[in-house]
file protein-v5.txt (compact mmCIF, N, CA and C atoms)
# COMPACT_ATOMS: atom_id res chain seq x y z
N MET D 6 -104.27 -19.75 -91.42
CA MET D 6 -103.36 -20.84 -91.70
C MET D 6 -103.32 -21.74 -90.48
N SER D 7 -103.40 -23.02 -90.73
CA SER D 7 -103.41 -23.97 -89.63
C SER D 7 -101.99 -24.20 -89.11
N THR D 8 -101.90 -24.77 -87.95
CA THR D 8 -100.61 -25.10 -87.36
C THR D 8 -99.85 -26.08 -88.24
N GLN D 9 -100.57 -27.02 -88.82
CA GLN D 9 -99.95 -28.02 -89.70
C GLN D 9 -99.36 -27.32 -90.93
N GLN D 10 -100.09 -26.38 -91.51
CA GLN D 10 -99.59 -25.65 -92.68
C GLN D 10 -98.38 -24.80 -92.30
N ALA D 11 -98.41 -24.19 -91.15
CA ALA D 11 -97.28 -23.37 -90.70
C ALA D 11 -96.04 -24.23 -90.52
N LYS D 12 -96.21 -25.44 -89.95
CA LYS D 12 -95.08 -26.35 -89.78
C LYS D 12 -94.52 -26.77 -91.14
N LEU D 13 -95.39 -27.07 -92.09
CA LEU D 13 -94.94 -27.47 -93.42
C LEU D 13 -94.20 -26.33 -94.12
N ARG D 14 -94.74 -25.12 -94.01
CA ARG D 14 -94.09 -23.95 -94.61
C ARG D 14 -92.72 -23.74 -93.98
N PHE D 15 -92.61 -23.87 -92.65
CA PHE D 15 -91.32 -23.72 -91.96
C PHE D 15 -90.35 -24.78 -92.45
N CYS D 16 -90.81 -26.04 -92.52
CA CYS D 16 -89.93 -27.13 -92.97
C CYS D 16 -89.47 -26.89 -94.41
N PHE D 17 -90.38 -26.44 -95.25
CA PHE D 17 -90.03 -26.17 -96.64
C PHE D 17 -89.01 -25.03 -96.72
N SER D 18 -89.23 -23.96 -95.98
CA SER D 18 -88.30 -22.83 -95.97
C SER D 18 -86.94 -23.26 -95.44
N PHE D 19 -86.94 -24.07 -94.39
CA PHE D 19 -85.70 -24.56 -93.81
C PHE D 19 -84.95 -25.42 -94.83
N ALA D 20 -85.67 -26.26 -95.55
CA ALA D 20 -85.05 -27.12 -96.56
C ALA D 20 -84.45 -26.27 -97.68
N VAL D 21 -85.13 -25.24 -98.08
CA VAL D 21 -84.61 -24.35 -99.13
C VAL D 21 -83.32 -23.69 -98.66
N VAL D 22 -83.30 -23.23 -97.42
CA VAL D 22 -82.09 -22.60 -96.87
C VAL D 22 -80.93 -23.60 -96.88
N LEU D 23 -81.19 -24.84 -96.47
CA LEU D 23 -80.14 -25.87 -96.46
C LEU D 23 -79.61 -26.14 -97.86
N ILE D 24 -80.52 -26.20 -98.83
CA ILE D 24 -80.10 -26.43 -100.21
C ILE D 24 -79.24 -25.29 -100.72
N VAL D 25 -79.65 -24.07 -100.43
CA VAL D 25 -78.87 -22.89 -100.85
C VAL D 25 -77.49 -22.91 -100.19
N LEU D 26 -77.45 -23.21 -98.89
CA LEU D 26 -76.15 -23.27 -98.20
C LEU D 26 -75.25 -24.36 -98.78
N ALA D 27 -75.83 -25.51 -99.07
CA ALA D 27 -75.05 -26.60 -99.67
C ALA D 27 -74.51 -26.18 -101.03
N SER D 28 -75.32 -25.49 -101.80
CA SER D 28 -74.90 -25.04 -103.12
C SER D 28 -73.77 -24.02 -103.02
N VAL D 29 -73.90 -23.08 -102.11
CA VAL D 29 -72.85 -22.07 -101.91
C VAL D 29 -71.56 -22.74 -101.45
N THR D 30 -71.65 -23.68 -100.51
CA THR D 30 -70.48 -24.40 -100.02
C THR D 30 -69.79 -25.15 -101.16
N ALA D 31 -70.56 -25.83 -101.99
CA ALA D 31 -70.00 -26.57 -103.12
C ALA D 31 -69.32 -25.62 -104.10
N SER D 32 -69.94 -24.46 -104.34
CA SER D 32 -69.35 -23.48 -105.25
C SER D 32 -68.02 -22.98 -104.71
N LEU D 33 -67.97 -22.71 -103.41
CA LEU D 33 -66.71 -22.25 -102.81
C LEU D 33 -65.63 -23.31 -102.90
N LYS D 34 -65.99 -24.58 -102.65
CA LYS D 34 -65.02 -25.67 -102.76
C LYS D 34 -64.50 -25.78 -104.19
N ASN D 35 -65.39 -25.66 -105.16
CA ASN D 35 -64.98 -25.73 -106.56
C ASN D 35 -64.06 -24.57 -106.92
N ALA D 36 -64.37 -23.38 -106.42
CA ALA D 36 -63.52 -22.22 -106.70
C ALA D 36 -62.13 -22.43 -106.11
N ARG D 37 -62.07 -22.97 -104.89
CA ARG D 37 -60.76 -23.25 -104.29
C ARG D 37 -60.01 -24.30 -105.08
N ALA D 38 -60.70 -25.33 -105.51
CA ALA D 38 -60.06 -26.39 -106.28
C ALA D 38 -59.51 -25.85 -107.59
N GLU D 39 -60.27 -24.94 -108.23
CA GLU D 39 -59.78 -24.34 -109.47
C GLU D 39 -58.54 -23.51 -109.21
N GLN D 40 -58.50 -22.80 -108.09
CA GLN D 40 -57.31 -22.04 -107.75
C GLN D 40 -56.13 -22.96 -107.51
N ASP D 41 -56.36 -24.09 -106.85
CA ASP D 41 -55.29 -25.05 -106.56
C ASP D 41 -54.78 -25.71 -107.83
N ASP D 42 -55.62 -25.80 -108.87
CA ASP D 42 -55.22 -26.41 -110.13
C ASP D 42 -54.42 -25.46 -111.00
N THR D 43 -54.30 -24.20 -110.59
CA THR D 43 -53.54 -23.25 -111.37
C THR D 43 -52.10 -23.73 -111.42
N PRO D 44 -51.58 -23.94 -112.62
CA PRO D 44 -50.21 -24.46 -112.70
C PRO D 44 -49.20 -23.46 -112.15
N GLU D 45 -48.24 -24.01 -111.42
CA GLU D 45 -47.18 -23.16 -110.92
C GLU D 45 -46.30 -22.76 -112.09
N PRO D 46 -45.75 -21.56 -112.05
CA PRO D 46 -44.87 -21.18 -113.16
C PRO D 46 -43.66 -22.10 -113.19
N LYS D 47 -43.29 -22.54 -114.38
CA LYS D 47 -42.13 -23.41 -114.52
C LYS D 47 -40.86 -22.59 -114.31
N LEU D 48 -39.88 -23.27 -113.73
CA LEU D 48 -38.59 -22.64 -113.48
C LEU D 48 -37.52 -23.40 -114.23
N LEU D 49 -36.57 -22.66 -114.76
CA LEU D 49 -35.46 -23.24 -115.50
C LEU D 49 -34.31 -23.46 -114.52
N ARG D 50 -33.92 -24.72 -114.36
CA ARG D 50 -32.84 -25.08 -113.44
C ARG D 50 -31.55 -25.28 -114.22
N HIS D 51 -30.48 -24.73 -113.72
CA HIS D 51 -29.14 -24.84 -114.31
C HIS D 51 -28.28 -25.50 -113.24
N VAL D 52 -27.99 -26.80 -113.44
CA VAL D 52 -27.24 -27.59 -112.47
C VAL D 52 -25.79 -27.66 -112.92
N VAL D 53 -24.89 -27.28 -112.03
CA VAL D 53 -23.46 -27.26 -112.34
C VAL D 53 -22.74 -28.07 -111.26
N MET D 54 -21.92 -29.04 -111.70
CA MET D 54 -21.18 -29.87 -110.74
C MET D 54 -19.70 -29.86 -111.10
N PHE D 55 -18.86 -29.70 -110.08
CA PHE D 55 -17.41 -29.57 -110.29
C PHE D 55 -16.63 -30.68 -109.61
N GLN D 56 -15.54 -31.05 -110.26
CA GLN D 56 -14.46 -31.78 -109.62
C GLN D 56 -13.26 -30.85 -109.70
N PHE D 57 -12.63 -30.62 -108.56
CA PHE D 57 -11.48 -29.73 -108.52
C PHE D 57 -10.19 -30.52 -108.65
N LYS D 58 -9.16 -29.85 -109.13
CA LYS D 58 -7.85 -30.47 -109.26
C LYS D 58 -7.32 -30.83 -107.87
N GLU D 59 -6.60 -31.94 -107.81
CA GLU D 59 -6.00 -32.36 -106.54
C GLU D 59 -5.01 -31.31 -106.04
N SER D 60 -4.41 -30.57 -106.96
CA SER D 60 -3.41 -29.56 -106.58
C SER D 60 -4.05 -28.31 -105.98
N SER D 61 -5.37 -28.16 -106.11
CA SER D 61 -6.05 -26.98 -105.55
C SER D 61 -6.25 -27.17 -104.05
N SER D 62 -5.86 -26.15 -103.30
CA SER D 62 -6.00 -26.20 -101.84
C SER D 62 -7.45 -25.99 -101.43
N ASP D 63 -7.76 -26.32 -100.20
CA ASP D 63 -9.10 -26.07 -99.67
C ASP D 63 -9.44 -24.59 -99.76
N ALA D 64 -8.47 -23.74 -99.50
CA ALA D 64 -8.71 -22.29 -99.56
C ALA D 64 -9.01 -21.84 -100.98
N GLU D 65 -8.33 -22.41 -101.96
CA GLU D 65 -8.59 -22.05 -103.36
C GLU D 65 -9.97 -22.53 -103.79
N VAL D 66 -10.33 -23.72 -103.37
CA VAL D 66 -11.68 -24.23 -103.68
C VAL D 66 -12.72 -23.33 -103.04
N GLN D 67 -12.49 -22.91 -101.81
CA GLN D 67 -13.44 -22.02 -101.13
C GLN D 67 -13.55 -20.68 -101.85
N THR D 68 -12.45 -20.21 -102.42
CA THR D 68 -12.48 -18.96 -103.20
C THR D 68 -13.40 -19.12 -104.40
N VAL D 69 -13.35 -20.28 -105.06
CA VAL D 69 -14.24 -20.55 -106.19
C VAL D 69 -15.70 -20.59 -105.72
N VAL D 70 -15.93 -21.30 -104.64
CA VAL D 70 -17.30 -21.40 -104.10
C VAL D 70 -17.83 -20.02 -103.75
N ASP D 71 -17.02 -19.22 -103.08
CA ASP D 71 -17.45 -17.87 -102.70
C ASP D 71 -17.74 -17.00 -103.93
N ALA D 72 -16.93 -17.17 -104.97
CA ALA D 72 -17.16 -16.40 -106.20
C ALA D 72 -18.48 -16.80 -106.86
N PHE D 73 -18.77 -18.10 -106.84
CA PHE D 73 -20.05 -18.56 -107.42
C PHE D 73 -21.21 -18.06 -106.57
N ARG D 74 -21.07 -18.14 -105.25
CA ARG D 74 -22.14 -17.69 -104.34
C ARG D 74 -22.42 -16.20 -104.49
N ALA D 75 -21.47 -15.43 -104.97
CA ALA D 75 -21.65 -13.98 -105.13
C ALA D 75 -22.45 -13.62 -106.37
N LEU D 76 -22.59 -14.54 -107.30
CA LEU D 76 -23.25 -14.20 -108.57
C LEU D 76 -24.69 -13.72 -108.42
N PRO D 77 -25.52 -14.29 -107.54
CA PRO D 77 -26.90 -13.78 -107.44
C PRO D 77 -26.98 -12.29 -107.07
N SER D 78 -26.00 -11.79 -106.35
CA SER D 78 -26.02 -10.37 -106.00
C SER D 78 -25.53 -9.49 -107.15
N LYS D 79 -24.94 -10.12 -108.16
CA LYS D 79 -24.40 -9.38 -109.30
C LYS D 79 -25.22 -9.54 -110.58
N ILE D 80 -26.02 -10.60 -110.63
CA ILE D 80 -26.80 -10.88 -111.84
C ILE D 80 -28.27 -11.02 -111.44
N PRO D 81 -29.07 -9.99 -111.67
CA PRO D 81 -30.46 -10.00 -111.19
C PRO D 81 -31.34 -11.05 -111.86
N GLN D 82 -30.92 -11.61 -112.96
CA GLN D 82 -31.74 -12.62 -113.64
C GLN D 82 -31.73 -13.96 -112.89
N ILE D 83 -30.83 -14.13 -111.93
CA ILE D 83 -30.82 -15.36 -111.13
C ILE D 83 -31.98 -15.27 -110.14
N ALA D 84 -32.94 -16.18 -110.30
CA ALA D 84 -34.13 -16.17 -109.44
C ALA D 84 -33.87 -16.85 -108.10
N ASP D 85 -32.99 -17.84 -108.10
CA ASP D 85 -32.66 -18.55 -106.87
C ASP D 85 -31.32 -19.24 -107.06
N PHE D 86 -30.70 -19.58 -105.93
CA PHE D 86 -29.36 -20.18 -105.98
C PHE D 86 -29.17 -21.03 -104.73
N GLU D 87 -28.59 -22.20 -104.91
CA GLU D 87 -28.20 -23.01 -103.76
C GLU D 87 -27.02 -23.87 -104.17
N TYR D 88 -26.32 -24.39 -103.18
CA TYR D 88 -25.16 -25.21 -103.47
C TYR D 88 -24.90 -26.16 -102.32
N GLY D 89 -24.05 -27.13 -102.56
CA GLY D 89 -23.65 -28.05 -101.52
C GLY D 89 -22.55 -28.96 -102.02
N THR D 90 -22.04 -29.78 -101.11
CA THR D 90 -21.00 -30.74 -101.48
C THR D 90 -21.57 -32.15 -101.38
N ASP D 91 -20.98 -33.04 -102.16
CA ASP D 91 -21.46 -34.42 -102.23
C ASP D 91 -21.33 -35.10 -100.88
N ASN D 92 -22.39 -35.78 -100.48
CA ASN D 92 -22.32 -36.62 -99.29
C ASN D 92 -23.09 -37.92 -99.51
N SER D 93 -23.24 -38.31 -100.78
CA SER D 93 -23.99 -39.52 -101.12
C SER D 93 -23.22 -40.77 -100.70
N PRO D 94 -23.90 -41.72 -100.06
CA PRO D 94 -23.25 -42.98 -99.70
C PRO D 94 -23.12 -43.94 -100.88
N GLU D 95 -23.71 -43.58 -102.03
CA GLU D 95 -23.71 -44.49 -103.18
C GLU D 95 -22.38 -44.56 -103.92
N GLY D 96 -21.56 -43.53 -103.78
CA GLY D 96 -20.26 -43.53 -104.46
C GLY D 96 -20.35 -43.42 -105.97
N LEU D 97 -21.36 -42.72 -106.46
CA LEU D 97 -21.56 -42.60 -107.91
C LEU D 97 -21.26 -41.20 -108.45
N ALA D 98 -20.60 -40.37 -107.68
CA ALA D 98 -20.37 -38.98 -108.07
C ALA D 98 -19.30 -38.85 -109.14
N GLY D 99 -18.54 -39.88 -109.37
CA GLY D 99 -17.52 -39.82 -110.42
C GLY D 99 -16.50 -38.72 -110.22
N GLY D 100 -16.17 -38.43 -108.98
CA GLY D 100 -15.17 -37.40 -108.69
C GLY D 100 -15.76 -36.01 -108.50
N LEU D 101 -17.01 -35.81 -108.87
CA LEU D 101 -17.65 -34.50 -108.69
C LEU D 101 -17.91 -34.29 -107.20
N THR D 102 -17.55 -33.13 -106.69
CA THR D 102 -17.67 -32.89 -105.25
C THR D 102 -18.60 -31.74 -104.89
N HIS D 103 -18.77 -30.79 -105.79
CA HIS D 103 -19.57 -29.60 -105.50
C HIS D 103 -20.69 -29.46 -106.51
N ALA D 104 -21.90 -29.17 -106.02
CA ALA D 104 -23.06 -28.98 -106.89
C ALA D 104 -23.68 -27.62 -106.64
N PHE D 105 -24.07 -26.97 -107.71
CA PHE D 105 -24.68 -25.65 -107.65
C PHE D 105 -25.96 -25.69 -108.47
N LEU D 106 -27.03 -25.11 -107.92
CA LEU D 106 -28.32 -25.05 -108.61
C LEU D 106 -28.68 -23.58 -108.78
N VAL D 107 -28.67 -23.14 -110.04
CA VAL D 107 -29.01 -21.76 -110.36
C VAL D 107 -30.37 -21.80 -111.06
N THR D 108 -31.31 -21.01 -110.57
CA THR D 108 -32.67 -21.03 -111.10
C THR D 108 -32.97 -19.73 -111.85
N PHE D 109 -33.61 -19.91 -113.01
CA PHE D 109 -34.03 -18.78 -113.83
C PHE D 109 -35.53 -18.90 -114.11
N LYS D 110 -36.15 -17.77 -114.39
CA LYS D 110 -37.58 -17.78 -114.71
C LYS D 110 -37.82 -17.98 -116.20
N SER D 111 -36.78 -17.82 -117.01
CA SER D 111 -36.96 -17.94 -118.46
C SER D 111 -35.64 -18.27 -119.13
N GLU D 112 -35.74 -18.72 -120.36
CA GLU D 112 -34.54 -18.96 -121.15
C GLU D 112 -33.83 -17.65 -121.45
N GLU D 113 -34.60 -16.58 -121.55
CA GLU D 113 -34.01 -15.26 -121.79
C GLU D 113 -33.11 -14.85 -120.62
N ASP D 114 -33.57 -15.14 -119.39
CA ASP D 114 -32.75 -14.82 -118.22
C ASP D 114 -31.45 -15.61 -118.24
N ARG D 115 -31.54 -16.89 -118.61
CA ARG D 115 -30.32 -17.70 -118.70
C ARG D 115 -29.41 -17.16 -119.80
N ALA D 116 -30.00 -16.72 -120.90
CA ALA D 116 -29.21 -16.16 -122.01
C ALA D 116 -28.47 -14.89 -121.61
N ILE D 117 -29.01 -14.16 -120.66
CA ILE D 117 -28.32 -12.97 -120.14
C ILE D 117 -27.22 -13.40 -119.18
N TYR D 118 -27.48 -14.41 -118.37
CA TYR D 118 -26.53 -14.91 -117.37
C TYR D 118 -25.25 -15.44 -117.98
N LEU D 119 -25.37 -16.30 -118.99
CA LEU D 119 -24.20 -17.00 -119.51
C LEU D 119 -23.07 -16.06 -119.98
N PRO D 120 -23.36 -15.03 -120.77
CA PRO D 120 -22.27 -14.14 -121.19
C PRO D 120 -22.06 -12.94 -120.25
N HIS D 121 -22.78 -12.90 -119.15
CA HIS D 121 -22.70 -11.75 -118.24
C HIS D 121 -21.26 -11.58 -117.74
N PRO D 122 -20.78 -10.36 -117.66
CA PRO D 122 -19.40 -10.13 -117.21
C PRO D 122 -19.08 -10.75 -115.83
N ALA D 123 -20.04 -10.74 -114.92
CA ALA D 123 -19.80 -11.34 -113.60
C ALA D 123 -19.65 -12.86 -113.71
N HIS D 124 -20.42 -13.48 -114.59
CA HIS D 124 -20.29 -14.93 -114.80
C HIS D 124 -18.94 -15.24 -115.46
N LYS D 125 -18.56 -14.44 -116.44
CA LYS D 125 -17.27 -14.65 -117.11
C LYS D 125 -16.12 -14.46 -116.13
N ALA D 126 -16.22 -13.50 -115.23
CA ALA D 126 -15.17 -13.29 -114.21
C ALA D 126 -15.10 -14.49 -113.28
N PHE D 127 -16.27 -15.04 -112.92
CA PHE D 127 -16.28 -16.24 -112.08
C PHE D 127 -15.57 -17.40 -112.78
N VAL D 128 -15.84 -17.59 -114.07
CA VAL D 128 -15.21 -18.68 -114.83
C VAL D 128 -13.69 -18.52 -114.80
N GLU D 129 -13.21 -17.33 -114.84
CA GLU D 129 -11.75 -17.10 -114.79
C GLU D 129 -11.18 -17.50 -113.43
N VAL D 130 -11.94 -17.28 -112.36
CA VAL D 130 -11.51 -17.71 -111.02
C VAL D 130 -11.51 -19.25 -110.96
N LEU D 131 -12.48 -19.86 -111.59
CA LEU D 131 -12.66 -21.31 -111.58
C LEU D 131 -11.60 -22.05 -112.39
N LYS D 132 -11.29 -21.58 -113.58
CA LYS D 132 -10.48 -22.30 -114.56
C LYS D 132 -9.21 -22.96 -114.00
N PRO D 133 -8.39 -22.26 -113.22
CA PRO D 133 -7.14 -22.89 -112.78
C PRO D 133 -7.34 -24.08 -111.85
N HIS D 134 -8.54 -24.23 -111.32
CA HIS D 134 -8.80 -25.28 -110.32
C HIS D 134 -9.73 -26.38 -110.82
N LEU D 135 -10.24 -26.23 -112.03
CA LEU D 135 -11.26 -27.14 -112.54
C LEU D 135 -10.64 -28.38 -113.19
N GLU D 136 -11.01 -29.53 -112.66
CA GLU D 136 -10.63 -30.81 -113.25
C GLU D 136 -11.72 -31.29 -114.21
N LYS D 137 -12.98 -31.22 -113.74
CA LYS D 137 -14.11 -31.71 -114.54
C LYS D 137 -15.35 -30.91 -114.16
N VAL D 138 -16.21 -30.70 -115.16
CA VAL D 138 -17.48 -30.02 -114.92
C VAL D 138 -18.59 -30.77 -115.67
N THR D 139 -19.75 -30.84 -115.05
CA THR D 139 -20.95 -31.36 -115.70
C THR D 139 -22.04 -30.32 -115.51
N VAL D 140 -22.73 -30.00 -116.59
CA VAL D 140 -23.81 -29.01 -116.55
C VAL D 140 -25.03 -29.62 -117.22
N ILE D 141 -26.17 -29.45 -116.58
CA ILE D 141 -27.44 -29.86 -117.18
C ILE D 141 -28.48 -28.81 -116.82
N ASP D 142 -29.29 -28.47 -117.80
CA ASP D 142 -30.38 -27.53 -117.59
C ASP D 142 -31.70 -28.25 -117.85
N TYR D 143 -32.72 -27.91 -117.08
CA TYR D 143 -34.03 -28.52 -117.29
C TYR D 143 -35.11 -27.61 -116.75
N TRP D 144 -36.31 -27.78 -117.33
CA TRP D 144 -37.49 -27.08 -116.82
C TRP D 144 -38.05 -27.92 -115.68
N ALA D 145 -38.15 -27.34 -114.50
CA ALA D 145 -38.63 -28.06 -113.32
C ALA D 145 -40.11 -28.39 -113.47
N ALA D 146 -40.43 -29.62 -113.12
CA ALA D 146 -41.82 -30.08 -113.13
C ALA D 146 -42.09 -30.83 -111.84
N LYS D 147 -43.32 -30.77 -111.37
CA LYS D 147 -43.70 -31.49 -110.16
C LYS D 147 -44.76 -32.49 -110.47

call {"tool": "encode", "arguments": {"input": "protein-v5.txt", "output": "structure tokens"}}
result
Amino acid sequence: MSTQQAKLRFCFSFAVVLIVLASVTASLKNARAEQDDTPEPKLLRHVVMFQFKESSSDAEVQTVVDAFRALPSKIPQIADFEYGTDNSPEGLAGGLTHAFLVTFKSEEDRAIYLPHPAHKAFVEVLKPHLEKVTVIDYWAAK
């Protein structure tokens, strides 16, 4: 085999290796992209907003908040929970001051939560202090 033929064979082999590497790299990128396209599981959000009676003291309102915050430890169907108080500069809260976001993985979990004895006990703590409530549930989407 001549030197020229050896150089051509080397170049051809090198080119084949580069093509194979490029193909493997593209396949890996596609596999990652397919994994990234996997839809996240949808979560059911239960948004609850309260306006408390003017006659309710700060301590009584805090008792209600603490009772609501205790529900995730009592009802395992609650996947996540967060809360806060209104601080919007827009002034559109309509008297609602406290917001709670309860997350469920399914409608079945929410169906267990609503009549759950711990939830019913919380409602009894809330009732004497509740002026107004707004509730909306939705499937979270991104």

call {"tool": "closest_residue", "arguments": {"input": "protein-v5.txt", "among": "D:Ala84, D:Glu59, D:Phe73, D:Val138", "to": "D:Leu101", "atoms": "all atoms listed in the file"}}
result
D:Val138

call {"tool": "atom_distance", "arguments": {"input": "protein-v5.txt", "atom1": "atom C of D:Lys137", "atom2": "atom N of D:His121"}}
result
20.1 Å

call {"tool": "residues_around", "arguments": {"input": "protein-v5.txt", "residues": "D:Val130", "least_positions_apart": "5", "cutoff": "7 Å", "atoms": "only N, CA and C atoms", "output": "list in words"}}
result
Thr68, Val69 and Lys125 of chain D

call {"tool": "closest_residue", "arguments": {"input": "protein-v5.txt", "among": "D:Asn92, D:Pro122, D:Pro46, D:Ile83", "to": "D:Ala146", "atoms": "only C-alpha atoms"}}
result
D:Pro46

call {"tool": "atom_distance", "arguments": {"input": "protein-v5.txt", "atom1": "atom C of D:Phe57", "atom2": "atom C of D:Ser78"}}
result
26.1 Å

call {"tool": "atom_distance", "arguments": {"input": "protein-v5.txt", "atom1": "atom CA of D:Ala64", "atom2": "atom CA of D:Ala104"}}
result
17.4 Å

call {"tool": "residues_near_point", "arguments": {"input": "protein-v5.txt", "point": "(-18.8, -17.8, -111.0)", "cutoff": "6.5 Å", "atoms": "all atoms listed in the file", "output": "ChimeraX atom specification"}}
result
/D:72-74,76,123-128

call {"tool": "write_last_selection", "arguments": {"input": "protein-v5.txt", "atoms": "N, CA and C atoms", "output": "PDB file, in the frame of the given file"}}
result
ATOM      1  N   ALA D  72     -16.930 -17.170-104.970  1.00  0.00           N
ATOM      2  CA  ALA D  72     -17.160 -16.400-106.200  1.00  0.00           C
ATOM      3  C   ALA D  72     -18.480 -16.800-106.860  1.00  0.00           C
ATOM      4  N   PHE D  73     -18.770 -18.100-106.840  1.00  0.00           N
ATOM      5  CA  PHE D  73     -20.050 -18.560-107.420  1.00  0.00           C
ATOM      6  C   PHE D  73     -21.210 -18.060-106.570  1.00  0.00           C
ATOM      7  N   ARG D  74     -21.070 -18.140-105.250  1.00  0.00           N
ATOM      8  CA  ARG D  74     -22.140 -17.690-104.340  1.00  0.00           C
ATOM      9  C   ARG D  74     -22.420 -16.200-104.490  1.00  0.00           C
ATOM     10  N   LEU D  76     -22.590 -14.540-107.300  1.00  0.00           N
ATOM     11  CA  LEU D  76     -23.250 -14.200-108.570  1.00  0.00           C
ATOM     12  C   LEU D  76     -24.690 -13.720-108.420  1.00  0.00           C
ATOM     13  N   ALA D 123     -20.040 -10.740-114.920  1.00  0.00           N
ATOM     14  CA  ALA D 123     -19.800 -11.340-113.600  1.00  0.00           C
ATOM     15  C   ALA D 123     -19.650 -12.860-113.710  1.00  0.00           C
ATOM     16  N   HIS D 124     -20.420 -13.480-114.590  1.00  0.00           N
ATOM     17  CA  HIS D 124     -20.290 -14.930-114.800  1.00  0.00           C
ATOM     18  C   HIS D 124     -18.940 -15.240-115.460  1.00  0.00           C
ATOM     19  N   LYS D 125     -18.560 -14.440-116.440  1.00  0.00           N
ATOM     20  CA  LYS D 125     -17.270 -14.650-117.110  1.00  0.00           C
ATOM     21  C   LYS D 125     -16.120 -14.460-116.130  1.00  0.00           C
ATOM     22  N   ALA D 126     -16.220 -13.500-115.230  1.00  0.00           N
ATOM     23  CA  ALA D 126     -15.170 -13.290-114.210  1.00  0.00           C
ATOM     24  C   ALA D 126     -15.100 -14.490-113.280  1.00  0.00           C
ATOM     25  N   PHE D 127     -16.270 -15.040-112.920  1.00  0.00           N
ATOM     26  CA  PHE D 127     -16.280 -16.240-112.080  1.00  0.00           C
ATOM     27  C   PHE D 127     -15.570 -17.400-112.780  1.00  0.00           C
ATOM     28  N   VAL D 128     -15.840 -17.590-114.070  1.00  0.00           N
ATOM     29  CA  VAL D 128     -15.210 -18.680-114.830  1.00  0.00           C
ATOM     30  C   VAL D 128     -13.690 -18.520-114.800  1.00  0.00           C
TER      31      VAL D 128
END

call {"tool": "residues_around", "arguments": {"input": "protein-v5.txt", "residues": "D:Lys110", "least_positions_apart": "4", "cutoff": "8 Å", "atoms": "only C-alpha atoms", "output": "MDAnalysis selection string"}}
result
chainID D and resid 47:49 82 84 114

call {"tool": "closest_residue", "arguments": {"input": "protein-v5.txt", "among": "D:Val52, D:Ala75, D:Leu106, D:Val140", "to": "D:Glu87", "atoms": "only N, CA and C atoms"}}
result
D:Leu106
